[in-house]
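Let me begin by presenting the structure, written as structure tokens, before commenting on it.
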There are 2 protein chains.
Amino acid sequence: MVDREIIEKGLREYLDSDVKFMLEIGGYILDGGGKRVRPQLVLTFAKSVGGYIPENAYPLAYAMEYLHTASLLHDDVVDGSLTRRGRPTANRVFGNDACILTGDYMYALSLYLFSIYGDIDMIKNVSDSVKKMAEGQLLELKRIGDLNTTLEDYFKIIKGKTAVLFGSCCYVGASTVTDDKQIKENSYKFGLNIGLAFQIVDDILDYVGSSDKVGKTTLNDLREGKLTYPLLVILDKVTPEERELINRVIKDKNPSEEDLLKVKDIVVKYGGIDISVKKARELVETAKSSIRELPDTPEKLELLKIADYIVDRQF
Amino acid sequence: MVDREIIEKGLREYLDSDVKFMLEIGGYILDGGGKRVRPQLVLTFAKSVGGYIPENAYPLAYAMEYLHTASLLHDDVVDGSLTRRGRPTANRVFGNDACILTGDYMYALSLYLFSIYGDIDMIKNVSDSVKKMAEGQLLELKRIGDLNTTLEDYFKIIKGKTAVLFGSCCYVGASTVTDDKQIKENSYKFGLNIGLAFQIVDDILDYVGSSDKVGKTTLNDLREGKLTYPLLVILDKVTPEERELINRVIKDKNPSEEDLLKVKDIVVKYGGIDISVKKARELVETAKSSIRELPDTPEKLELLKIADYIVDRQF
């Protein structure tokens, strides 16, 4: 856990601006915590491929966390969220306008760090991910309350929400130590697939997680009209009456708890949870197979453990 | 003006997304028009330095316009603006949330184009400018209604609002054809200084431009509590009573037309307009001198004309 302390210190050191208010907002959201999964992925990949160069890997690990932080800042404005990790969201404390600009700043800071410590190929990969993040979130907005949401839409959405940034973290970590295209692409695939699995598990927990464990109330996606994997995979099995109920609930801006629980029961009854768990496990296996060729190091074992943990964390 | 047509076409071609809604919003704001000053600067610099490579210069010219467009999208959300160039702002048509995400997308698209058609040094320059843009706008927000705003603050604000992106356009244009550090830096300085002059002239016109010519109502900055150059440079000359009036007006969320005009008269009386015009002219001369070493081409003449036009456009 020495890494973790270095990361916390570094995240604050590299967040540099001569506009004090910018540092205040950035500091507030960094202080909100988080597991720093993204920097850890960068560093673990840099180490597991071999030839680890800390002077390059650390600033890029911070850069990836800044991208994530920027997207959180904008997310909270987009969603009008009131709390994040038990604290008022930054937009509630500092205003939407300041949070939009601080997000923009952090995106730019991240790319700036890549221009110093990275290379053009990493920037191509990372900027493509940022494009997909925005696309995924916009598509999610657009599909709210839409019973015609497809699985293709869903995967585009969760790629953008979670998976591409995980993929880029692994890609960047590997890229700090190798130019081997195949290794870099396999690293990306590892991140992408654990990211997809991670989001599917999140979506499962929103249906069946206890709110104590997950740290938030459940059935939030449904309440907001978002169709996620457990629901999407059973839609072709339900009766016309059940379909009608589901359609009403996802279109309702303020659905009753009773109706929400009815939809949950339908999802469980038709096996939506089991199918989702199976899919998440498959994605984790795909992820693990994509790093099979890496040398057997303690870091590779750690990556395999991270992959397994994603599905096993709650089941 | 063939360039202009190519630019309009290219801007739409390179705005590529498989999320249709993204293209709709991007297209809406591009259709709003604008003089495409930024792409023109990229192309003119690429041509004036010599060794012009259209295949690289055009996509990067679009990339610079996308950065500008992204900042407009976020600006309108930040300012809560209702109209831009005589049409409802994109945020009014598509919602704040969709505009924030489309702005994020365009920032990322721009950097992505740089990763393909540009080089790492351009990305360093451009991402630094995007940082400064966000910083400038945040500082502007923070200084609203603040009589202690300094000239240093003001220049940081207008650098971010306008000048750094102009600078980067020239830097990028030159960089497509040369690796000469001095030429690239001088190109940047040209853009930076005409950008500063441009913004000062804008701020002058907000005091004394006729609303017909400028295409918007005047005294807007003052109405919003923003202290700009014409006012800042006379603050040390005013009487305590005048200072008190100014302070009241910039802190008032809804100042009367009468009070606004009183402040305007104070600004004119103490020479705020003349001092500002003089400063703008100085900056234009500095800009012109920074491209003195470029070969005497028609494009160089065009650049010198652009520089002069900035101050002369209204006086």
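Identifiers for the structure tokens are assigned positionally: chains receive A, B, ... in sequence, residues are indexed from 1 per chain, and ligands are indexed from 1 in the order shown.
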
Per-residue nearest contacts chain A to chain B, cut-off 9 Å, using only C-alpha atoms, as CSV:
```
residue,atom,partner,partner_atom,distance
A:Ser17,CA,B:Glu135,CA,7.8
A:Asp18,CA,B:Glu135,CA,8.2
A:Val19,CA,B:Glu135,CA,6.3
A:Lys20,CA,B:Leu139,CA,8.9
A:Phe21,CA,B:Leu139,CA,7.8
A:Met22,CA,B:Glu135,CA,7.2
A:Ser71,CA,B:Asp104,CA,9.0
A:His74,CA,B:Ile100,CA,7.2
A:Asp75,CA,B:Asp97,CA,8.6
A:Val77,CA,B:Asp97,CA,7.3
A:Val78,CA,B:Asp97,CA,4.5
A:Asp79,CA,B:Asp97,CA,7.6
A:Asn96,CA,B:Val78,CA,7.3
A:Asp97,CA,B:Val78,CA,4.5
A:Ala98,CA,B:Leu138,CA,6.3
A:Ile100,CA,B:His74,CA,7.2
A:Leu101,CA,B:Ala134,CA,5.3
A:Thr102,CA,B:Ala134,CA,6.9
A:Gly103,CA,B:Ala134,CA,8.6
A:Asp104,CA,B:Ala134,CA,6.2
A:Tyr105,CA,B:Lys131,CA,4.9
A:Met106,CA,B:Lys131,CA,7.7
A:Tyr107,CA,B:Lys131,CA,8.3
A:Ala108,CA,B:Ser127,CA,5.2
A:Leu109,CA,B:Lys131,CA,6.3
A:Ser110,CA,B:Ser127,CA,8.5
A:Leu111,CA,B:Ser127,CA,6.1
A:Tyr112,CA,B:Ser127,CA,5.2
A:Leu113,CA,B:Lys124,CA,8.2
A:Phe114,CA,B:Lys124,CA,8.3
A:Ser115,CA,B:Lys124,CA,5.1
A:Ile116,CA,B:Lys124,CA,7.1
A:Gly118,CA,B:Ile120,CA,8.9
A:Asp119,CA,B:Ile120,CA,6.9
A:Ile120,CA,B:Ser115,CA,5.6
A:Asp121,CA,B:Ser115,CA,7.1
A:Met122,CA,B:Ser115,CA,8.7
A:Ile123,CA,B:Ser115,CA,6.1
A:Lys124,CA,B:Ser115,CA,5.1
A:Asn125,CA,B:Tyr112,CA,8.2
A:Val126,CA,B:Tyr112,CA,8.3
A:Ser127,CA,B:Ala108,CA,5.2
A:Asp128,CA,B:Tyr112,CA,6.2
A:Ser129,CA,B:Ala108,CA,8.4
A:Val130,CA,B:Ala108,CA,5.8
A:Lys131,CA,B:Tyr105,CA,4.9
A:Lys132,CA,B:Tyr105,CA,7.8
A:Met133,CA,B:Tyr105,CA,8.0
A:Ala134,CA,B:Leu101,CA,5.2
A:Glu135,CA,B:Val19,CA,6.3
A:Gly136,CA,B:Val19,CA,8.3
A:Gln137,CA,B:Leu101,CA,7.3
A:Leu138,CA,B:Ala98,CA,6.2
A:Leu139,CA,B:Val19,CA,6.7
A:Leu141,CA,B:Ala98,CA,7.9
A:Lys142,CA,B:Phe21,CA,8.0
```

Present chain B as a short mmCIF file (atom, residue, chain, number, x, y, z; two decimals) with C-alpha atoms, in the first residue's frame, least-squares fitted onto chain A over all of its C-alpha atoms paired in order.
```
data_model
loop_
_atom_site.label_atom_id
_atom_site.label_comp_id
_atom_site.auth_asym_id
_atom_site.auth_seq_id
_atom_site.Cartn_x
_atom_site.Cartn_y
_atom_site.Cartn_z
CA MET B 1 0.05 -0.09 -0.07
CA VAL B 2 2.98 2.28 -0.35
CA ASP B 3 1.77 2.91 -3.89
CA ARG B 4 -1.50 4.17 -2.50
CA GLU B 5 0.19 6.85 -0.41
CA ILE B 6 2.38 7.95 -3.29
CA ILE B 7 -0.70 8.20 -5.47
CA GLU B 8 -2.59 10.37 -2.99
CA LYS B 9 0.35 12.72 -2.65
CA GLY B 10 1.09 12.80 -6.37
CA LEU B 11 -2.53 13.49 -7.31
CA ARG B 12 -2.36 16.70 -5.31
CA GLU B 13 1.11 17.69 -6.45
CA TYR B 14 0.40 17.41 -10.15
CA LEU B 15 -2.92 19.24 -9.83
CA ASP B 16 -1.25 22.52 -10.50
CA SER B 17 -2.99 25.79 -11.26
CA ASP B 18 -2.32 29.43 -10.49
CA VAL B 19 -6.08 29.91 -10.10
CA LYS B 20 -6.58 29.05 -6.44
CA PHE B 21 -10.29 28.37 -6.81
CA MET B 22 -9.44 25.62 -9.32
CA LEU B 23 -7.24 23.86 -6.77
CA GLU B 24 -9.95 24.19 -4.16
CA ILE B 25 -12.53 22.42 -6.33
CA GLY B 26 -10.06 19.82 -7.58
CA GLY B 27 -8.89 19.16 -4.03
CA TYR B 28 -12.46 18.80 -2.79
CA ILE B 29 -13.28 16.08 -5.27
CA LEU B 30 -9.94 14.29 -4.73
CA ASP B 31 -10.54 14.38 -0.97
CA GLY B 32 -13.83 12.58 -1.62
CA GLY B 33 -11.70 9.47 -1.86
CA GLY B 34 -12.26 6.50 -4.08
CA LYS B 35 -10.18 3.40 -4.48
CA ARG B 36 -7.89 4.89 -7.17
CA VAL B 37 -8.50 1.78 -9.24
CA ARG B 38 -7.37 3.55 -12.39
CA PRO B 39 -3.92 4.65 -11.24
CA GLN B 40 -3.44 1.22 -9.67
CA LEU B 41 -4.24 -0.42 -13.01
CA VAL B 42 -1.70 1.81 -14.80
CA LEU B 43 1.02 0.96 -12.28
CA THR B 44 0.24 -2.73 -12.04
CA PHE B 45 0.37 -3.09 -15.83
CA ALA B 46 3.58 -1.13 -16.04
CA LYS B 47 5.09 -3.49 -13.51
CA SER B 48 3.63 -6.72 -14.85
CA VAL B 49 4.85 -6.21 -18.42
CA GLY B 50 8.40 -5.67 -17.16
CA GLY B 51 10.89 -2.81 -17.38
CA TYR B 52 8.87 -0.52 -15.11
CA ILE B 53 9.88 3.19 -15.26
CA PRO B 54 8.31 4.96 -12.24
CA GLU B 55 9.13 8.48 -13.47
CA ASN B 56 6.84 7.98 -16.46
CA ALA B 57 4.29 5.63 -14.97
CA TYR B 58 3.27 7.73 -11.95
CA PRO B 59 2.40 10.99 -13.72
CA LEU B 60 0.38 9.01 -16.26
CA ALA B 61 -1.37 7.15 -13.46
CA TYR B 62 -2.39 10.54 -12.06
CA ALA B 63 -3.42 11.67 -15.53
CA MET B 64 -5.84 8.74 -15.77
CA GLU B 65 -7.34 9.58 -12.37
CA TYR B 66 -7.76 13.20 -13.50
CA LEU B 67 -9.73 12.00 -16.53
CA HIS B 68 -11.95 9.99 -14.22
CA THR B 69 -12.31 12.96 -11.85
CA ALA B 70 -13.19 15.26 -14.74
CA SER B 71 -15.90 12.88 -15.84
CA LEU B 72 -17.28 12.65 -12.28
CA LEU B 73 -17.44 16.44 -12.07
CA HIS B 74 -19.37 16.66 -15.34
CA ASP B 75 -21.48 13.61 -14.48
CA ASP B 76 -22.73 15.14 -11.28
CA VAL B 77 -23.76 18.27 -13.16
CA VAL B 78 -25.42 16.22 -15.91
CA ASP B 79 -27.29 14.03 -13.41
CA GLY B 80 -28.02 16.88 -10.99
CA SER B 81 -26.63 14.60 -8.26
CA LEU B 82 -26.77 15.81 -4.69
CA THR B 83 -24.31 13.48 -2.96
CA ARG B 84 -21.25 11.44 -3.89
CA ARG B 85 -19.60 9.07 -1.43
CA GLY B 86 -21.66 10.50 1.41
CA ARG B 87 -20.68 14.14 0.84
CA PRO B 88 -22.46 16.94 -1.04
CA THR B 89 -21.39 16.84 -4.69
CA ALA B 90 -18.89 19.48 -5.84
CA ASN B 91 -21.54 21.12 -7.98
CA ARG B 92 -23.67 21.69 -4.89
CA VAL B 93 -20.77 23.23 -3.03
CA PHE B 94 -19.14 25.27 -5.81
CA GLY B 95 -21.88 25.61 -8.45
CA ASN B 96 -22.42 23.89 -11.79
CA ASP B 97 -20.50 26.52 -13.73
CA ALA B 98 -17.31 26.14 -11.68
CA CYS B 99 -17.53 22.34 -11.87
CA ILE B 100 -17.90 22.31 -15.64
CA LEU B 101 -14.78 24.47 -15.97
CA THR B 102 -12.79 22.46 -13.43
CA GLY B 103 -13.72 19.30 -15.34
CA ASP B 104 -12.51 20.90 -18.57
CA TYR B 105 -9.31 21.87 -16.81
CA MET B 106 -8.71 18.34 -15.58
CA TYR B 107 -9.28 16.83 -19.02
CA ALA B 108 -6.74 19.28 -20.43
CA LEU B 109 -4.29 18.71 -17.59
CA SER B 110 -4.44 15.00 -18.22
CA LEU B 111 -3.63 15.38 -21.92
CA TYR B 112 -0.92 17.86 -21.02
CA LEU B 113 0.72 15.26 -18.75
CA PHE B 114 0.50 12.77 -21.60
CA SER B 115 2.29 15.22 -23.88
CA ILE B 116 5.17 15.35 -21.38
CA TYR B 117 5.40 11.82 -19.97
CA GLY B 118 3.62 9.81 -22.63
CA ASP B 119 3.67 9.38 -26.38
CA ILE B 120 1.41 10.07 -29.32
CA ASP B 121 0.09 6.52 -29.47
CA MET B 122 -1.11 6.70 -25.84
CA ILE B 123 -2.78 10.02 -26.60
CA LYS B 124 -4.60 8.46 -29.53
CA ASN B 125 -5.85 5.66 -27.31
CA VAL B 126 -6.79 7.92 -24.42
CA SER B 127 -8.50 10.65 -26.45
CA ASP B 128 -10.50 7.97 -28.25
CA SER B 129 -11.63 6.70 -24.86
CA VAL B 130 -12.68 10.18 -23.75
CA LYS B 131 -14.73 10.48 -26.96
CA LYS B 132 -16.42 7.17 -26.19
CA MET B 133 -17.04 8.23 -22.58
CA ALA B 134 -18.98 11.28 -23.73
CA GLU B 135 -20.79 9.25 -26.39
CA GLY B 136 -21.77 6.56 -23.91
CA GLN B 137 -23.11 9.03 -21.39
CA LEU B 138 -25.04 10.94 -24.04
CA LEU B 139 -26.54 7.73 -25.34
CA GLU B 140 -27.52 6.77 -21.80
CA LEU B 141 -29.33 10.10 -21.38
CA LYS B 142 -31.06 9.64 -24.71
CA ARG B 143 -32.24 6.09 -23.91
CA ILE B 144 -33.81 6.91 -20.55
CA GLY B 145 -37.32 5.54 -20.42
CA ASP B 146 -36.93 3.89 -23.82
CA LEU B 147 -38.11 0.28 -23.94
CA ASN B 148 -36.50 -0.07 -27.36
CA THR B 149 -33.03 0.21 -25.87
CA THR B 150 -30.97 -2.61 -27.38
CA LEU B 151 -28.17 -4.68 -25.90
CA GLU B 152 -25.92 -2.98 -28.43
CA ASP B 153 -26.93 0.38 -26.94
CA TYR B 154 -26.31 -0.98 -23.46
CA PHE B 155 -22.79 -2.12 -24.25
CA LYS B 156 -21.99 1.17 -25.94
CA ILE B 157 -23.23 2.94 -22.81
CA ILE B 158 -21.26 0.87 -20.29
CA LYS B 159 -18.16 0.91 -22.47
CA GLY B 160 -18.29 4.68 -22.22
CA LYS B 161 -19.29 4.81 -18.54
CA THR B 162 -16.59 2.50 -17.29
CA ALA B 163 -14.86 0.11 -19.61
CA VAL B 164 -12.88 2.23 -22.09
CA LEU B 165 -11.14 4.16 -19.33
CA PHE B 166 -10.19 0.89 -17.59
CA GLY B 167 -8.92 -0.29 -20.97
CA SER B 168 -6.87 2.86 -21.47
CA CYS B 169 -5.34 2.57 -17.99
CA CYS B 170 -4.01 -0.88 -18.84
CA TYR B 171 -2.94 0.25 -22.32
CA VAL B 172 -1.08 3.23 -20.90
CA GLY B 173 0.57 1.18 -18.17
CA ALA B 174 1.81 -1.36 -20.70
CA SER B 175 2.85 1.41 -23.10
CA THR B 176 5.19 2.94 -20.55
CA VAL B 177 7.36 -0.16 -20.84
CA THR B 178 6.79 -1.68 -24.27
CA ASP B 179 6.18 -0.78 -27.91
CA ASP B 180 4.80 -4.23 -28.65
CA LYS B 181 1.45 -3.62 -30.31
CA GLN B 182 0.05 -7.00 -29.35
CA ILE B 183 0.87 -6.62 -25.66
CA LYS B 184 -0.62 -3.13 -25.62
CA GLU B 185 -3.82 -4.30 -27.29
CA ASN B 186 -4.17 -7.29 -25.01
CA SER B 187 -3.68 -5.01 -22.03
CA TYR B 188 -6.43 -2.77 -23.36
CA LYS B 189 -8.71 -5.77 -23.78
CA PHE B 190 -8.09 -6.85 -20.21
CA GLY B 191 -9.15 -3.46 -18.91
CA LEU B 192 -12.08 -3.19 -21.28
CA ASN B 193 -13.50 -6.56 -20.30
CA ILE B 194 -13.05 -6.18 -16.55
CA GLY B 195 -14.65 -2.75 -16.97
CA LEU B 196 -17.67 -4.25 -18.73
CA ALA B 197 -17.93 -6.95 -16.05
CA PHE B 198 -17.55 -4.34 -13.32
CA GLN B 199 -20.42 -2.29 -14.72
CA ILE B 200 -22.68 -5.31 -15.19
CA VAL B 201 -22.03 -6.29 -11.57
CA ASP B 202 -22.85 -2.73 -10.54
CA ASP B 203 -26.09 -2.99 -12.47
CA ILE B 204 -26.87 -6.34 -10.85
CA LEU B 205 -26.23 -4.87 -7.40
CA ASP B 206 -28.63 -2.07 -8.16
CA TYR B 207 -31.29 -4.80 -8.39
CA VAL B 208 -30.27 -7.19 -5.65
CA GLY B 209 -27.51 -5.63 -3.53
CA SER B 210 -28.41 -4.68 0.00
CA SER B 211 -28.20 -0.92 0.31
CA ASP B 212 -25.91 -1.28 3.34
CA LYS B 213 -23.26 -3.17 1.46
CA VAL B 214 -23.42 -1.14 -1.72
CA GLY B 215 -23.50 2.11 0.18
CA LYS B 216 -26.41 3.46 -1.81
CA THR B 217 -30.09 2.83 -2.21
CA THR B 218 -30.99 0.15 -4.71
CA LEU B 219 -33.22 0.21 -7.79
CA ASN B 220 -31.80 3.62 -8.63
CA ASP B 221 -31.30 2.83 -12.31
CA LEU B 222 -34.87 1.69 -12.65
CA ARG B 223 -36.09 4.73 -10.72
CA GLU B 224 -34.25 6.96 -13.20
CA GLY B 225 -35.67 5.07 -16.15
CA LYS B 226 -32.38 3.40 -17.10
CA LEU B 227 -32.60 -0.06 -18.64
CA THR B 228 -29.64 -2.19 -17.60
CA TYR B 229 -28.46 -5.70 -18.41
CA PRO B 230 -30.58 -7.70 -15.91
CA LEU B 231 -33.73 -6.12 -17.32
CA LEU B 232 -32.72 -6.01 -20.98
CA VAL B 233 -32.00 -9.74 -21.17
CA ILE B 234 -35.47 -10.78 -19.97
CA LEU B 235 -37.52 -8.34 -22.02
CA ASP B 236 -38.24 -10.92 -24.73
CA LYS B 237 -39.63 -13.36 -22.15
CA VAL B 238 -42.17 -11.24 -20.29
CA THR B 239 -45.94 -11.24 -20.81
CA PRO B 240 -47.60 -8.26 -22.51
CA GLU B 241 -48.94 -7.15 -19.11
CA GLU B 242 -45.50 -7.30 -17.53
CA ARG B 243 -44.05 -5.40 -20.47
CA GLU B 244 -46.71 -2.77 -20.01
CA LEU B 245 -45.83 -2.41 -16.31
CA ILE B 246 -42.12 -2.14 -17.08
CA ASN B 247 -42.81 0.49 -19.72
CA ARG B 248 -44.91 2.49 -17.27
CA VAL B 249 -42.26 2.34 -14.55
CA ILE B 250 -39.32 3.42 -16.71
CA LYS B 251 -41.33 6.31 -18.15
CA ASP B 252 -42.57 7.45 -14.74
CA LYS B 253 -40.48 10.29 -13.33
CA ASN B 254 -41.46 9.28 -9.82
CA PRO B 255 -42.41 5.57 -9.75
CA SER B 256 -43.82 4.05 -6.56
CA GLU B 257 -41.65 1.70 -4.47
CA GLU B 258 -44.32 -0.93 -4.99
CA ASP B 259 -44.05 -0.77 -8.76
CA LEU B 260 -40.25 -0.75 -8.62
CA LEU B 261 -40.30 -3.93 -6.53
CA LYS B 262 -42.75 -5.54 -8.95
CA VAL B 263 -40.32 -4.96 -11.82
CA LYS B 264 -37.49 -6.30 -9.71
CA ASP B 265 -39.51 -9.48 -9.08
CA ILE B 266 -40.10 -9.87 -12.80
CA VAL B 267 -36.37 -9.51 -13.46
CA VAL B 268 -35.54 -12.15 -10.84
CA LYS B 269 -38.34 -14.49 -11.93
CA TYR B 270 -37.13 -14.70 -15.52
CA GLY B 271 -33.52 -15.23 -14.49
CA GLY B 272 -32.23 -11.74 -15.30
CA ILE B 273 -29.81 -11.82 -12.37
CA ASP B 274 -28.42 -15.27 -13.16
CA ILE B 275 -27.94 -14.43 -16.82
CA SER B 276 -26.13 -11.23 -15.81
CA VAL B 277 -23.81 -12.96 -13.35
CA LYS B 278 -22.99 -15.51 -16.03
CA LYS B 279 -22.21 -12.75 -18.52
CA ALA B 280 -19.99 -10.94 -16.02
CA ARG B 281 -18.08 -14.16 -15.33
CA GLU B 282 -17.61 -14.74 -19.07
CA LEU B 283 -16.21 -11.24 -19.50
CA VAL B 284 -13.81 -11.77 -16.61
CA GLU B 285 -12.59 -15.01 -18.20
CA THR B 286 -12.07 -13.20 -21.50
CA ALA B 287 -10.12 -10.54 -19.64
CA LYS B 288 -7.93 -13.09 -17.90
CA SER B 289 -7.19 -14.94 -21.11
CA SER B 290 -5.97 -11.74 -22.76
CA ILE B 291 -3.06 -11.45 -20.34
CA ARG B 292 -2.13 -15.14 -20.50
CA GLU B 293 1.05 -14.35 -22.41
CA LEU B 294 2.44 -11.96 -19.81
CA PRO B 295 5.36 -13.28 -17.72
CA ASP B 296 4.32 -14.92 -14.43
CA THR B 297 5.05 -12.16 -11.97
CA PRO B 298 3.43 -11.22 -8.65
CA GLU B 299 1.81 -8.33 -10.52
CA LYS B 300 0.22 -10.67 -13.04
CA LEU B 301 -1.24 -12.68 -10.19
CA GLU B 302 -2.57 -9.44 -8.75
CA LEU B 303 -4.26 -8.65 -12.05
CA LEU B 304 -5.90 -12.07 -12.14
CA LYS B 305 -7.09 -11.53 -8.57
CA ILE B 306 -8.47 -8.10 -9.45
CA ALA B 307 -10.39 -9.69 -12.30
CA ASP B 308 -11.91 -12.38 -10.08
CA TYR B 309 -12.71 -9.92 -7.33
CA ILE B 310 -14.88 -7.89 -9.68
CA VAL B 311 -17.51 -10.61 -9.89
CA ASP B 312 -16.98 -12.16 -6.52
CA ARG B 313 -17.12 -8.95 -4.54
CA GLN B 314 -20.80 -9.36 -3.69
CA PHE B 315 -21.88 -12.89 -4.54
#
```

What residues in region 6-172 of chain B get the DSSP label helix (DSSP H, G or I)? Please answer as a ChimeraX atom specification. /B:6-13,20-31,37-49,54-79,90-94,96-117,120-142,151-172

Take the residues from that selection and put them in a file with C-alpha atoms, as a short mmCIF file (atom, residue, chain, number, x, y, z; two decimals), in the first residue's frame.
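The new file again_6.cif reads:
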```
data_model
loop_
_atom_site.label_atom_id
_atom_site.label_comp_id
_atom_site.auth_asym_id
_atom_site.auth_seq_id
_atom_site.Cartn_x
_atom_site.Cartn_y
_atom_site.Cartn_z
CA ILE B 6 -13.44 23.49 -47.72
CA ILE B 7 -13.47 24.36 -44.04
CA GLU B 8 -17.26 24.25 -43.77
CA LYS B 9 -17.37 20.88 -45.48
CA GLY B 10 -14.43 19.47 -43.54
CA LEU B 11 -15.82 20.58 -40.18
CA ARG B 12 -18.86 18.41 -40.79
CA GLU B 13 -16.96 15.48 -42.25
CA LYS B 20 -26.57 10.38 -33.91
CA PHE B 21 -27.68 12.80 -31.21
CA MET B 22 -24.05 13.93 -30.86
CA LEU B 23 -23.90 14.83 -34.55
CA GLU B 24 -27.18 16.68 -34.26
CA ILE B 25 -25.92 18.92 -31.46
CA GLY B 26 -22.50 19.39 -33.05
CA GLY B 27 -24.12 20.21 -36.38
CA TYR B 28 -26.47 22.72 -34.76
CA ILE B 29 -23.66 24.71 -33.24
CA LEU B 30 -21.53 24.52 -36.42
CA ASP B 31 -24.51 25.74 -38.45
CA VAL B 37 -11.03 32.72 -37.68
CA ARG B 38 -9.21 29.88 -35.95
CA PRO B 39 -9.00 27.46 -38.86
CA GLN B 40 -8.07 30.38 -41.11
CA LEU B 41 -5.20 31.27 -38.77
CA VAL B 42 -3.94 27.67 -38.82
CA LEU B 43 -4.00 27.56 -42.62
CA THR B 44 -2.58 31.01 -43.17
CA PHE B 45 0.36 30.27 -40.87
CA ALA B 46 0.96 26.92 -42.50
CA LYS B 47 1.13 28.69 -45.83
CA SER B 48 3.11 31.72 -44.74
CA VAL B 49 5.93 29.75 -43.13
CA PRO B 54 -2.75 20.47 -46.80
CA GLU B 55 -3.37 16.87 -45.66
CA ASN B 56 -2.05 17.72 -42.21
CA ALA B 57 -3.05 21.36 -41.98
CA TYR B 58 -6.77 20.98 -42.70
CA PRO B 59 -7.65 18.35 -40.09
CA LEU B 60 -5.75 20.37 -37.50
CA ALA B 61 -7.56 23.52 -38.58
CA TYR B 62 -10.83 21.67 -37.91
CA ALA B 63 -9.45 20.42 -34.61
CA MET B 64 -8.86 24.01 -33.48
CA GLU B 65 -12.40 24.99 -34.44
CA TYR B 66 -13.73 22.00 -32.47
CA LEU B 67 -11.86 23.24 -29.39
CA HIS B 68 -13.46 26.63 -29.85
CA THR B 69 -16.89 25.03 -30.40
CA ALA B 70 -16.48 22.90 -27.29
CA SER B 71 -15.69 25.97 -25.25
CA LEU B 72 -18.74 27.80 -26.68
CA LEU B 73 -20.97 24.88 -25.73
CA HIS B 74 -19.67 24.88 -22.16
CA ASP B 75 -19.65 28.69 -22.01
CA ASP B 76 -23.31 28.94 -22.83
CA VAL B 77 -24.11 26.47 -20.07
CA VAL B 78 -21.85 28.30 -17.61
CA ASP B 79 -23.34 31.70 -18.49
CA ALA B 90 -27.67 24.79 -28.03
CA ASN B 91 -28.26 24.32 -24.32
CA ARG B 92 -31.74 25.78 -24.69
CA VAL B 93 -32.52 23.47 -27.59
CA PHE B 94 -30.88 20.25 -26.39
CA ASN B 96 -27.44 21.56 -20.49
CA ASP B 97 -26.56 17.93 -19.90
CA ALA B 98 -26.33 17.07 -23.60
CA CYS B 99 -24.28 20.21 -24.29
CA ILE B 100 -21.77 19.46 -21.56
CA LEU B 101 -21.23 15.98 -22.99
CA THR B 102 -21.03 17.20 -26.59
CA GLY B 103 -18.44 19.75 -25.49
CA ASP B 104 -16.43 16.99 -23.81
CA TYR B 105 -16.70 14.97 -26.98
CA MET B 106 -15.41 17.81 -29.12
CA TYR B 107 -12.45 18.45 -26.84
CA ALA B 108 -11.56 14.77 -27.08
CA LEU B 109 -12.13 14.66 -30.84
CA SER B 110 -9.79 17.58 -31.26
CA LEU B 111 -6.99 15.89 -29.30
CA TYR B 112 -7.68 12.68 -31.18
CA LEU B 113 -7.15 14.49 -34.50
CA PHE B 114 -3.91 15.89 -33.11
CA SER B 115 -2.76 12.38 -32.25
CA ILE B 116 -3.25 11.39 -35.90
CA TYR B 117 -2.28 14.48 -37.90
CA ILE B 120 3.41 15.61 -29.36
CA ASP B 121 4.78 19.15 -29.24
CA MET B 122 1.57 20.56 -30.73
CA ILE B 123 -0.44 18.57 -28.19
CA LYS B 124 1.61 20.04 -25.38
CA ASN B 125 0.95 23.54 -26.67
CA VAL B 126 -2.74 22.95 -27.32
CA SER B 127 -3.55 21.13 -24.08
CA ASP B 128 -1.78 23.90 -22.17
CA SER B 129 -4.04 26.40 -23.92
CA VAL B 130 -7.16 24.41 -23.02
CA LYS B 131 -6.00 24.44 -19.38
CA LYS B 132 -5.58 28.21 -19.53
CA MET B 133 -8.99 28.61 -21.20
CA ALA B 134 -10.69 26.87 -18.28
CA GLU B 135 -8.58 28.78 -15.78
CA GLY B 136 -9.37 32.12 -17.40
CA GLN B 137 -13.08 31.48 -17.47
CA LEU B 138 -13.12 30.28 -13.88
CA LEU B 139 -11.19 33.34 -12.77
CA GLU B 140 -13.65 35.54 -14.66
CA LEU B 141 -16.55 33.91 -12.80
CA LYS B 142 -14.76 34.35 -9.50
CA LEU B 151 -4.97 44.08 -14.42
CA GLU B 152 -3.04 40.87 -13.92
CA ASP B 153 -6.35 39.07 -13.32
CA TYR B 154 -7.80 40.73 -16.40
CA PHE B 155 -5.00 39.59 -18.66
CA LYS B 156 -5.17 36.08 -17.29
CA ILE B 157 -8.90 36.10 -18.01
CA ILE B 158 -8.67 37.38 -21.59
CA LYS B 159 -5.71 35.14 -22.34
CA GLY B 160 -7.94 32.23 -21.45
CA LYS B 161 -11.08 33.59 -23.13
CA THR B 162 -9.49 34.36 -26.46
CA ALA B 163 -5.77 34.77 -26.76
CA VAL B 164 -4.21 31.37 -26.00
CA LEU B 165 -6.38 29.60 -28.55
CA PHE B 166 -5.43 32.20 -31.21
CA GLY B 167 -1.82 31.61 -30.19
CA SER B 168 -2.18 27.85 -30.51
CA CYS B 169 -3.78 28.16 -33.95
CA CYS B 170 -0.72 30.03 -35.21
CA TYR B 171 1.63 27.65 -33.39
CA VAL B 172 -0.08 24.62 -34.88
#
```
